[in-house]
file protein-v1.tsv (TSV, C-alpha atoms (C1' of nucleotides))
chain	number	residue	atom	x	y	z
A	1	MET	CA	25.78	29.58	26.11
A	2	ASN	CA	29.27	28.52	25.21
A	3	ASP	CA	31.43	31.67	25.04
A	4	LYS	CA	34.14	30.04	22.96
A	5	LYS	CA	31.64	29.14	20.26
A	6	VAL	CA	30.20	32.66	20.21
A	7	LYS	CA	33.69	34.10	19.95
A	8	GLN	CA	34.52	31.75	17.09
A	9	ILE	CA	31.40	32.71	15.17
A	10	LEU	CA	32.08	36.40	15.75
A	11	GLU	CA	35.45	35.86	14.13
A	12	ASP	CA	33.95	33.84	11.30
A	13	LEU	CA	31.44	36.58	10.64
A	14	ASP	CA	34.17	39.21	10.61
A	15	VAL	CA	32.32	41.53	12.93
A	16	GLU	CA	35.49	43.40	13.76
A	17	ASN	CA	36.84	43.44	10.22
A	18	PRO	CA	35.22	46.42	8.59
A	19	GLY	CA	34.74	46.42	4.87
A	20	GLU	CA	35.62	42.76	4.46
A	21	VAL	CA	33.29	40.53	2.49
A	22	CYS	CA	32.00	37.76	4.71
A	23	PRO	CA	30.80	34.78	2.67
A	24	ILE	CA	28.89	33.25	5.58
A	25	LYS	CA	26.78	36.36	6.11
A	26	ASP	CA	26.40	36.61	2.39
A	27	VAL	CA	25.15	33.08	1.82
A	28	LEU	CA	22.84	33.34	4.81
A	29	ALA	CA	21.37	36.67	3.72
A	30	GLU	CA	20.67	35.44	0.23
A	31	VAL	CA	18.93	32.25	1.29
A	32	LEU	CA	16.89	33.99	3.97
A	33	ASP	CA	15.61	36.69	1.66
A	34	LYS	CA	11.82	36.93	1.56
A	35	TRP	CA	11.17	35.65	-1.95
A	36	THR	CA	14.12	33.25	-2.10
A	37	MET	CA	12.86	31.49	0.98
A	38	MET	CA	9.40	31.09	-0.49
A	39	ILE	CA	10.78	29.72	-3.74
A	40	ILE	CA	12.84	27.09	-1.95
A	41	LEU	CA	9.76	26.07	0.00
A	42	VAL	CA	7.43	25.72	-2.97
A	43	LEU	CA	10.09	23.83	-4.92
A	44	GLY	CA	10.42	21.58	-1.89
A	45	LYS	CA	6.73	20.87	-2.01
A	46	HIS	CA	6.19	20.44	-5.74
A	47	LYS	CA	9.64	19.08	-6.74
A	48	VAL	CA	9.52	20.39	-10.32
A	49	LEU	CA	7.93	23.64	-11.44
A	50	ARG	CA	7.99	25.81	-14.55
A	51	PHE	CA	8.51	29.55	-14.37
A	52	ALA	CA	4.80	30.34	-14.53
A	53	ASP	CA	4.05	27.66	-11.92
A	54	VAL	CA	6.45	29.19	-9.40
A	55	ARG	CA	4.92	32.56	-10.14
A	56	ARG	CA	1.46	31.21	-9.34
A	57	SER	CA	2.67	29.46	-6.16
A	58	VAL	CA	4.56	32.38	-4.70
A	59	VAL	CA	1.67	34.79	-4.54
A	60	GLY	CA	2.59	38.40	-5.14
A	61	ILE	CA	6.02	37.97	-6.68
A	62	SER	CA	6.78	40.07	-9.75
A	63	PRO	CA	8.45	38.48	-12.79
A	64	LYS	CA	11.48	40.67	-12.19
A	65	MET	CA	12.04	39.44	-8.65
A	66	LEU	CA	11.23	35.87	-9.64
A	67	THR	CA	13.92	35.88	-12.33
A	68	LYS	CA	16.40	37.55	-10.04
A	69	SER	CA	15.78	35.15	-7.16
A	70	LEU	CA	15.90	32.07	-9.39
A	71	ARG	CA	19.21	33.22	-10.91
A	72	THR	CA	20.71	33.70	-7.46
A	73	LEU	CA	19.53	30.27	-6.35
A	74	GLU	CA	20.94	28.74	-9.49
A	75	ARG	CA	24.23	30.57	-9.13
A	76	ASP	CA	24.63	29.35	-5.56
A	77	GLY	CA	23.85	25.77	-6.54
A	78	HIS	CA	20.52	25.46	-4.74
A	79	VAL	CA	18.36	25.14	-7.84
A	80	ASN	CA	18.57	23.32	-11.17
A	81	ARG	CA	17.41	25.10	-14.30
A	82	LYS	CA	16.60	22.79	-17.18
A	83	VAL	CA	15.72	24.30	-20.55
A	84	TYR	CA	13.75	22.36	-23.17
A	85	PRO	CA	14.25	24.19	-26.47
A	86	GLU	CA	10.73	23.51	-27.69
A	87	VAL	CA	8.36	26.19	-28.88
A	88	PRO	CA	7.07	27.71	-26.79
A	89	ILE	CA	10.14	27.22	-24.67
A	90	ARG	CA	9.86	25.12	-21.53
A	91	VAL	CA	12.03	25.70	-18.45
A	92	GLU	CA	11.87	23.48	-15.38
A	93	TYR	CA	13.14	24.40	-11.96
A	94	SER	CA	13.92	21.99	-9.12
A	95	LEU	CA	16.03	21.85	-5.98
A	96	THR	CA	19.53	20.43	-6.15
A	97	GLU	CA	20.74	18.12	-3.39
A	98	GLN	CA	22.27	21.13	-1.70
A	99	GLY	CA	18.99	22.98	-2.10
A	100	GLU	CA	17.24	20.14	-0.28
A	101	VAL	CA	19.67	20.53	2.60
A	102	PHE	CA	18.83	24.21	2.83
A	103	LEU	CA	15.14	23.46	2.61
A	104	LYS	CA	15.45	21.16	5.57
A	105	LYS	CA	17.22	23.85	7.57
A	106	LEU	CA	14.67	26.48	6.63
A	107	VAL	CA	11.80	24.25	7.70
A	108	ASP	CA	13.57	23.47	10.96
A	109	LEU	CA	14.16	27.13	11.59
A	110	ALA	CA	10.55	28.11	10.96
A	111	ALA	CA	9.29	25.18	13.04
A	112	TRP	CA	11.62	26.12	15.86
A	113	ILE	CA	10.65	29.77	15.88
A	114	LYS	CA	6.91	29.16	15.67
A	115	PRO	CA	6.28	28.59	19.42
A	116	HIS	CA	8.27	31.75	20.28
A	117	VAL	CA	6.11	33.97	18.13
A	118	PRO	CA	3.15	34.51	20.51
A	119	THR	CA	5.50	35.67	23.29
A	120	ILE	CA	7.18	38.11	20.94
A	121	VAL	CA	3.89	39.45	19.66
A	122	LYS	CA	2.81	40.01	23.27
A	123	SER	CA	6.10	41.75	24.02
A	124	ARG	CA	5.51	44.06	21.06
A	125	GLU	CA	2.04	44.98	22.23
A	126	GLN	CA	3.34	45.90	25.66
A	127	PHE	CA	6.14	48.03	24.26
A	128	ILE	CA	5.07	51.64	24.40
A	129	LYS	CA	6.51	54.24	22.07
B	1	MET	CA	12.47	15.52	3.19
B	2	ASN	CA	9.15	15.18	4.94
B	3	ASP	CA	6.49	16.58	2.60
B	4	LYS	CA	3.90	16.98	5.36
B	5	LYS	CA	6.24	19.21	7.33
B	6	VAL	CA	7.04	21.36	4.29
B	7	LYS	CA	3.33	21.68	3.56
B	8	GLN	CA	2.67	22.69	7.16
B	9	ILE	CA	5.38	25.35	7.12
B	10	LEU	CA	4.13	26.68	3.79
B	11	GLU	CA	0.74	27.13	5.44
B	12	ASP	CA	2.29	28.72	8.53
B	13	LEU	CA	4.19	31.16	6.37
B	14	ASP	CA	1.05	32.08	4.46
B	15	VAL	CA	2.69	31.71	1.08
B	16	GLU	CA	-0.67	31.43	-0.63
B	17	ASN	CA	-2.34	34.16	1.43
B	18	PRO	CA	-1.43	37.37	-0.30
B	19	GLY	CA	-1.27	40.57	1.69
B	20	GLU	CA	-1.56	38.82	5.03
B	21	VAL	CA	0.93	39.71	7.74
B	22	CYS	CA	2.87	36.63	8.73
B	23	PRO	CA	4.38	36.96	12.21
B	24	ILE	CA	6.79	34.06	11.71
B	25	LYS	CA	8.37	35.62	8.64
B	26	ASP	CA	8.35	38.93	10.44
B	27	VAL	CA	10.14	37.76	13.57
B	28	LEU	CA	12.65	35.81	11.49
B	29	ALA	CA	13.38	38.73	9.19
B	30	GLU	CA	13.97	41.10	12.07
B	31	VAL	CA	16.32	38.82	13.95
B	32	LEU	CA	18.26	37.87	10.85
B	33	ASP	CA	18.82	41.43	9.73
B	34	LYS	CA	22.48	42.32	9.20
B	35	TRP	CA	23.00	44.70	12.13
B	36	THR	CA	20.53	43.03	14.50
B	37	MET	CA	22.37	39.75	14.16
B	38	MET	CA	25.71	41.38	14.95
B	39	ILE	CA	24.28	43.11	18.01
B	40	ILE	CA	22.90	39.87	19.41
B	41	LEU	CA	26.29	38.24	18.88
B	42	VAL	CA	28.35	40.95	20.57
B	43	LEU	CA	25.92	41.11	23.47
B	44	GLY	CA	26.25	37.35	23.73
B	45	LYS	CA	30.00	37.70	23.99
B	46	HIS	CA	30.27	40.69	26.34
B	47	LYS	CA	27.06	40.19	28.37
B	48	VAL	CA	26.58	43.89	29.24
B	49	LEU	CA	27.45	46.81	26.98
B	50	ARG	CA	26.72	50.52	26.90
B	51	PHE	CA	25.57	52.25	23.74
B	52	ALA	CA	29.04	53.45	22.79
B	53	ASP	CA	30.50	49.98	23.50
B	54	VAL	CA	28.10	48.30	21.11
B	55	ARG	CA	28.93	50.95	18.56
B	56	ARG	CA	32.62	50.16	18.88
B	57	SER	CA	32.05	46.38	18.73
B	58	VAL	CA	29.80	46.39	15.69
B	59	VAL	CA	32.20	48.02	13.31
B	60	GLY	CA	30.60	50.27	10.73
B	61	ILE	CA	27.19	50.74	12.28
B	62	SER	CA	25.79	54.28	12.30
B	63	PRO	CA	24.18	55.68	15.47
B	64	LYS	CA	20.87	55.81	13.65
B	65	MET	CA	20.86	52.11	12.77
B	66	LEU	CA	22.19	51.19	16.18
B	67	THR	CA	19.32	52.94	17.91
B	68	LYS	CA	16.80	51.48	15.51
B	69	SER	CA	18.10	47.94	15.87
B	70	LEU	CA	18.33	48.15	19.66
B	71	ARG	CA	14.75	49.44	19.87
B	72	THR	CA	13.51	46.56	17.73
B	73	LEU	CA	15.37	44.04	19.84
B	74	GLU	CA	13.98	45.60	22.99
B	75	ARG	CA	10.47	45.70	21.59
B	76	ASP	CA	10.62	42.01	20.68
B	77	GLY	CA	11.92	41.07	24.11
B	78	HIS	CA	15.41	39.99	23.05
B	79	VAL	CA	17.30	42.76	24.80
B	80	ASN	CA	17.12	44.56	28.16
B	81	ARG	CA	17.66	48.30	28.27
B	82	LYS	CA	18.58	49.62	31.69
B	83	VAL	CA	18.84	53.35	32.21
B	84	TYR	CA	20.88	54.86	35.05
B	85	PRO	CA	19.73	58.46	35.44
B	86	GLU	CA	23.16	59.74	36.32
B	87	VAL	CA	24.92	62.59	34.59
B	88	PRO	CA	26.07	61.93	32.03
B	89	ILE	CA	23.36	59.32	31.55
B	90	ARG	CA	24.35	55.64	31.49
B	91	VAL	CA	22.42	53.00	29.54
B	92	GLU	CA	23.27	49.32	29.67
B	93	TYR	CA	22.17	46.72	27.15
B	94	SER	CA	22.10	42.96	27.68
B	95	LEU	CA	20.36	39.91	26.27
B	96	THR	CA	17.16	38.68	27.90
B	97	GLU	CA	16.65	34.98	28.44
B	98	GLN	CA	14.76	34.89	25.17
B	99	GLY	CA	17.61	36.76	23.53
B	100	GLU	CA	20.00	34.06	24.72
B	101	VAL	CA	17.81	31.45	23.06
B	102	PHE	CA	18.01	33.35	19.79
B	103	LEU	CA	21.74	33.78	20.17
B	104	LYS	CA	22.11	30.04	20.48
B	105	LYS	CA	20.09	29.49	17.33
B	106	LEU	CA	22.04	32.11	15.41
B	107	VAL	CA	25.34	30.54	16.39
B	108	ASP	CA	24.03	27.10	15.43
B	109	LEU	CA	22.88	28.42	12.09
B	110	ALA	CA	26.19	30.08	11.30
B	111	ALA	CA	28.14	27.03	12.46
B	112	TRP	CA	25.96	24.78	10.35
B	113	ILE	CA	26.27	26.85	7.22
B	114	LYS	CA	30.03	27.34	7.48
B	115	PRO	CA	31.13	24.05	5.85
B	116	HIS	CA	28.70	24.65	2.96
B	117	VAL	CA	30.21	27.98	2.07
B	118	PRO	CA	33.24	26.81	0.03
B	119	THR	CA	31.01	24.71	-2.22
B	120	ILE	CA	28.70	27.64	-2.78
B	121	VAL	CA	31.57	29.99	-3.52
B	122	LYS	CA	32.86	27.48	-6.06
B	123	SER	CA	29.41	27.21	-7.62
B	124	ARG	CA	29.32	30.99	-7.96
B	125	GLU	CA	32.66	31.11	-9.69
B	126	GLN	CA	31.56	28.50	-12.23
B	127	PHE	CA	28.31	30.29	-12.96
B	128	ILE	CA	28.78	32.29	-16.14
B	129	LYS	CA	26.69	35.31	-16.93
C	1	DT	C1'	32.91	80.78	31.42
C	2	DG	C1'	32.81	77.24	28.55
C	3	DA	C1'	34.20	72.71	27.06
C	4	DA	C1'	33.25	67.84	27.49
C	5	DC	C1'	30.53	63.81	28.11
C	6	DA	C1'	26.70	60.14	27.10
C	7	DA	C1'	22.98	58.60	24.45
C	8	DG	C1'	20.61	59.52	21.49
C	9	DT	C1'	17.47	62.55	17.77
C	10	DA	C1'	16.47	65.44	13.57
C	11	DA	C1'	17.10	66.81	9.08
C	12	DC	C1'	18.89	66.03	4.88
C	13	DC	C1'	20.35	63.35	1.12
C	14	DA	C1'	22.17	59.40	-1.95
C	15	DA	C1'	21.60	54.80	-3.18
C	16	DA	C1'	19.36	50.61	-3.50
C	17	DT	C1'	15.18	48.05	-3.85
C	18	DG	C1'	11.53	46.41	-6.16
C	19	DG	C1'	6.95	47.16	-8.61
C	20	DT	C1'	4.56	48.11	-13.17
C	21	DT	C1'	4.11	47.88	-17.83
C	22	DA	C1'	5.27	46.81	-22.27
C	23	DG	C1'	7.80	44.24	-25.36
C	24	DT	C1'	10.73	40.01	-27.45
C	25	DG	C1'	10.16	35.84	-30.89
C	26	DT	C1'	7.99	31.78	-32.49
C	27	DT	C1'	4.14	28.74	-33.14
C	28	DG	C1'	-0.28	26.41	-32.50
C	29	DT	C1'	-5.24	27.51	-32.11
C	30	DG	C1'	-9.96	29.74	-33.12
D	1	DC	C1'	-5.32	36.44	-39.54
D	2	DA	C1'	-5.19	37.83	-34.94
D	3	DC	C1'	-4.29	36.21	-30.51
D	4	DA	C1'	-2.63	33.39	-26.70
D	5	DA	C1'	1.19	30.96	-24.63
D	6	DC	C1'	5.80	30.96	-22.60
D	7	DA	C1'	9.98	32.79	-20.24
D	8	DC	C1'	11.77	36.23	-19.72
D	9	DT	C1'	14.00	41.47	-20.34
D	10	DA	C1'	14.10	46.67	-20.49
D	11	DA	C1'	12.75	51.00	-19.09
D	12	DC	C1'	10.77	53.77	-15.90
D	13	DC	C1'	9.47	55.24	-11.51
D	14	DA	C1'	8.02	55.34	-6.41
D	15	DT	C1'	9.29	53.87	-2.10
D	16	DT	C1'	12.37	52.43	1.31
D	17	DT	C1'	16.70	52.20	3.34
D	18	DG	C1'	20.38	53.87	5.59
D	19	DG	C1'	24.46	57.09	5.93
D	20	DT	C1'	26.26	61.79	7.49
D	21	DT	C1'	26.28	65.59	10.24
D	22	DA	C1'	24.79	68.58	13.59
D	23	DC	C1'	22.21	69.21	17.60
D	24	DT	C1'	20.13	68.34	22.49
D	25	DT	C1'	20.35	68.10	27.76
D	26	DG	C1'	22.24	68.89	32.32
D	27	DT	C1'	26.14	68.66	35.21
D	28	DT	C1'	30.97	68.51	36.32
D	29	DC	C1'	35.69	69.87	35.73
D	30	DA	C1'	39.36	73.08	34.21
call {"tool": "encode", "arguments": {"input": "protein-v1.tsv", "output": "structure tokens"}}
result
Amino acid sequence: MNDKKVKQILEDLDVENPGEVCPIKDVLAEVLDKWTMMIILVLGKHKVLRFADVRRSVVGISPKMLTKSLRTLERDGHVNRKVYPEVPIRVEYSLTEQGEVFLKKLVDLAAWIKPHVPTIVKSREQFIK
Amino acid sequence: MNDKKVKQILEDLDVENPGEVCPIKDVLAEVLDKWTMMIILVLGKHKVLRFADVRRSVVGISPKMLTKSLRTLERDGHVNRKVYPEVPIRVEYSLTEQGEVFLKKLVDLAAWIKPHVPTIVKSREQFIK
DNA sequence: TGAACAAGTAACCAAATGGTTAGTGTTGTG
DNA sequence: CACAACACTAACCATTTGGTTACTTGTTCA
């Protein structure tokens, strides 16, 4: 591994600067959150979904967390929120271009980690105490 | 984006299987945890560190979280823990080969996300309410 | 004799996280 | 005329998370 690159990233992530807000860590943490990740993935698959659709697709999510996660994704520019002021109201969610980029990275990450998982599971089983 | 691949990952991540334990999500979540990530990075930079060294390098971490994170990393096979039964006791931590692989991926991920951060920060500022 | 050291561990506590349930307002349907 | 549909929001509460502080253990050094 390239030491210079590691050192650079350590600086970028502000490991030695206590108390500082690090936007890189922040953006990463938010996009890699359990529910957020799932929402990006289902929006990647279905392209356009209404609130209730996402709720059905992401099994187990509560309306509270769904709203919260969608707002964060919207705020960070990963998701479009389009409101149709009909009655009953209709709201459609979809990935932005930036959201698509993140989707791609998430899929890559999951695909990359997949073959490592059996080894790790084995390592866990052998770990006593 | 390749729809087949997204569909495959959605299946791998068990989005539609409620209550199931998904090892991929699990392994990802543990390695991407705030403190765990920092520990992998400082071990990548310094190669071998004692408990107190890691504590100094990862500014702000409490001994409780340090122990917990190191145990998880050891359990998952990312970190070696070598005990020298001297007095006072000496314990050295270093990355395993697998840990080095994860380090590389973490650095790649951070490096990749870095140029996206200013756009996201701007998007946040423009987001009202 | 007793303080210091290393690598934790134990006990306690505050804060954050997130689930559940009920409610909002309007309109089309049985 | 009551109820379902939709996209949330508010209030409440249980659980989880993680920080702080003090303690352990055996030997060496002052």
call {"tool": "atom_distance", "arguments": {"input": "protein-v1.tsv", "atom1": "CA of Ile61 in chain A", "atom2": "CA of Asp14 in chain B"}}
result
13.5 Å
call {"tool": "residues_around", "arguments": {"input": "protein-v1.tsv", "residues": "His116 in chain B", "least_positions_apart": "2", "cutoff": "12 Å", "atoms": "only C-alpha atoms (C1' of nucleotides)", "output": "PDB file with C-alpha atoms, in the coordinates of the input"}}
result
ATOM      1  CA  PRO A  23      30.800  34.780   2.670  1.00  0.00           C
ATOM      2  CA  ILE A  24      28.890  33.250   5.580  1.00  0.00           C
ATOM      3  CA  VAL A  27      25.150  33.080   1.820  1.00  0.00           C
ATOM      4  CA  LEU A  28      22.840  33.340   4.810  1.00  0.00           C
ATOM      5  CA  ASP A  76      24.630  29.350  -5.560  1.00  0.00           C
ATOM      6  CA  GLY A  77      23.850  25.770  -6.540  1.00  0.00           C
ATOM      7  CA  HIS A  78      20.520  25.460  -4.740  1.00  0.00           C
ATOM      8  CA  GLN A  98      22.270  21.130  -1.700  1.00  0.00           C
ATOM      9  CA  GLY A  99      18.990  22.980  -2.100  1.00  0.00           C
ATOM     10  CA  VAL A 101      19.670  20.530   2.600  1.00  0.00           C
ATOM     11  CA  PHE A 102      18.830  24.210   2.830  1.00  0.00           C
TER      12      PHE A 102
ATOM     13  CA  LEU B 109      22.880  28.420  12.090  1.00  0.00           C
ATOM     14  CA  ALA B 110      26.190  30.080  11.300  1.00  0.00           C
ATOM     15  CA  ALA B 111      28.140  27.030  12.460  1.00  0.00           C
ATOM     16  CA  TRP B 112      25.960  24.780  10.350  1.00  0.00           C
ATOM     17  CA  ILE B 113      26.270  26.850   7.220  1.00  0.00           C
ATOM     18  CA  LYS B 114      30.030  27.340   7.480  1.00  0.00           C
ATOM     19  CA  PRO B 118      33.240  26.810   0.030  1.00  0.00           C
ATOM     20  CA  THR B 119      31.010  24.710  -2.220  1.00  0.00           C
ATOM     21  CA  ILE B 120      28.700  27.640  -2.780  1.00  0.00           C
ATOM     22  CA  VAL B 121      31.570  29.990  -3.520  1.00  0.00           C
ATOM     23  CA  LYS B 122      32.860  27.480  -6.060  1.00  0.00           C
ATOM     24  CA  SER B 123      29.410  27.210  -7.620  1.00  0.00           C
TER      25      SER B 123
END
call {"tool": "closest_residue", "arguments": {"input": "protein-v1.tsv", "among": "B:Ala29, B:Leu13, B:Leu106, B:Ile128", "to": "Leu41 in chain B", "atoms": "all atoms listed in the file"}}
result
B:Leu106
call {"tool": "atom_distance", "arguments": {"input": "protein-v1.tsv", "atom1": "C1' of DC13 in chain C", "atom2": "CA of Asp26 in chain B"}}
result
28.8 Å
call {"tool": "closest_residue", "arguments": {"input": "protein-v1.tsv", "among": "B:Glu11, B:Asp33, B:Asp3, B:Glu125", "to": "Arg75 in chain A", "atoms": "only C-alpha atoms"}}
result
B:Glu125
call {"tool": "interface_residues", "arguments": {"input": "protein-v1.tsv", "of": "chain B", "to": "chain D", "cutoff": "10 Å", "atoms": "all atoms listed in the file", "output": "list of chain:residue names"}}
result
B:Ile61, B:Ser62, B:Pro63, B:Lys64, B:Met65, B:Glu86, B:Val87, B:Pro88, B:Ile89
call {"tool": "write_last_selection", "arguments": {"input": "protein-v1.tsv", "atoms": "C-alpha atoms", "output": "compact mmCIF listing (two decimals), keeping the file's coordinate frame"}}
result
# COMPACT_ATOMS: atom_id res chain seq x y z
CA ILE B 61 27.19 50.74 12.28
CA SER B 62 25.79 54.28 12.30
CA PRO B 63 24.18 55.68 15.47
CA LYS B 64 20.87 55.81 13.65
CA MET B 65 20.86 52.11 12.77
CA GLU B 86 23.16 59.74 36.32
CA VAL B 87 24.92 62.59 34.59
CA PRO B 88 26.07 61.93 32.03
CA ILE B 89 23.36 59.32 31.55
call {"tool": "interface_residues", "arguments": {"input": "protein-v1.tsv", "of": "chain C", "to": "chain A", "cutoff": "8 Å", "atoms": "all atoms listed in the file", "output": "ChimeraX atom specification"}}
result
/C:18-19,26-27
call {"tool": "write_last_selection", "arguments": {"input": "protein-v1.tsv", "atoms": "C-alpha atoms (C1' of nucleotides)", "output": "PDB file, in the frame of the given file"}}
result
ATOM      1  C1'  DG C  18      11.530  46.410  -6.160  1.00  0.00           C
ATOM      2  C1'  DG C  19       6.950  47.160  -8.610  1.00  0.00           C
ATOM      3  C1'  DT C  26       7.990  31.780 -32.490  1.00  0.00           C
ATOM      4  C1'  DT C  27       4.140  28.740 -33.140  1.00  0.00           C
TER       5       DT C  27
END
call {"tool": "atom_distance", "arguments": {"input": "protein-v1.tsv", "atom1": "CA of Thr96 in chain A", "atom2": "CA of Lys82 in chain A"}}
result
11.7 Å
call {"tool": "residues_around", "arguments": {"input": "protein-v1.tsv", "residues": "range 45-47 of chain A", "least_positions_apart": "3", "cutoff": "8 Å", "atoms": "all atoms listed in the file", "output": "PyMOL selection string"}}
result
(chain A and resi 41-42+94-95) or (chain B and resi 3+6-7)
call {"tool": "write_last_selection", "arguments": {"input": "protein-v1.tsv", "atoms": "C-alpha atoms", "output": "PDB file, in the frame of the given file"}}
result
ATOM      1  CA  LEU A  41       9.760  26.070   0.000  1.00  0.00           C
ATOM      2  CA  VAL A  42       7.430  25.720  -2.970  1.00  0.00           C
ATOM      3  CA  SER A  94      13.920  21.990  -9.120  1.00  0.00           C
ATOM      4  CA  LEU A  95      16.030  21.850  -5.980  1.00  0.00           C
TER       5      LEU A  95
ATOM      6  CA  ASP B   3       6.490  16.580   2.600  1.00  0.00           C
ATOM      7  CA  VAL B   6       7.040  21.360   4.290  1.00  0.00           C
ATOM      8  CA  LYS B   7       3.330  21.680   3.560  1.00  0.00           C
TER       9      LYS B   7
END
call {"tool": "closest_residue", "arguments": {"input": "protein-v1.tsv", "among": "B:Arg50, B:Lys4, B:Arg81, B:Lys68", "to": "chain A", "atoms": "only C-alpha atoms"}}
result
B:Lys4
call {"tool": "closest_residue", "arguments": {"input": "protein-v1.tsv", "among": "B:Pro115, B:Asn80, B:Arg71, B:Gly60", "to": "chain A", "atoms": "only C-alpha atoms"}}
result
B:Gly60
call {"tool": "closest_residue", "arguments": {"input": "protein-v1.tsv", "among": "B:Leu70, B:Val21, B:Tyr84, B:Val58", "to": "chain A", "atoms": "only C-alpha atoms"}}
result
B:Val58
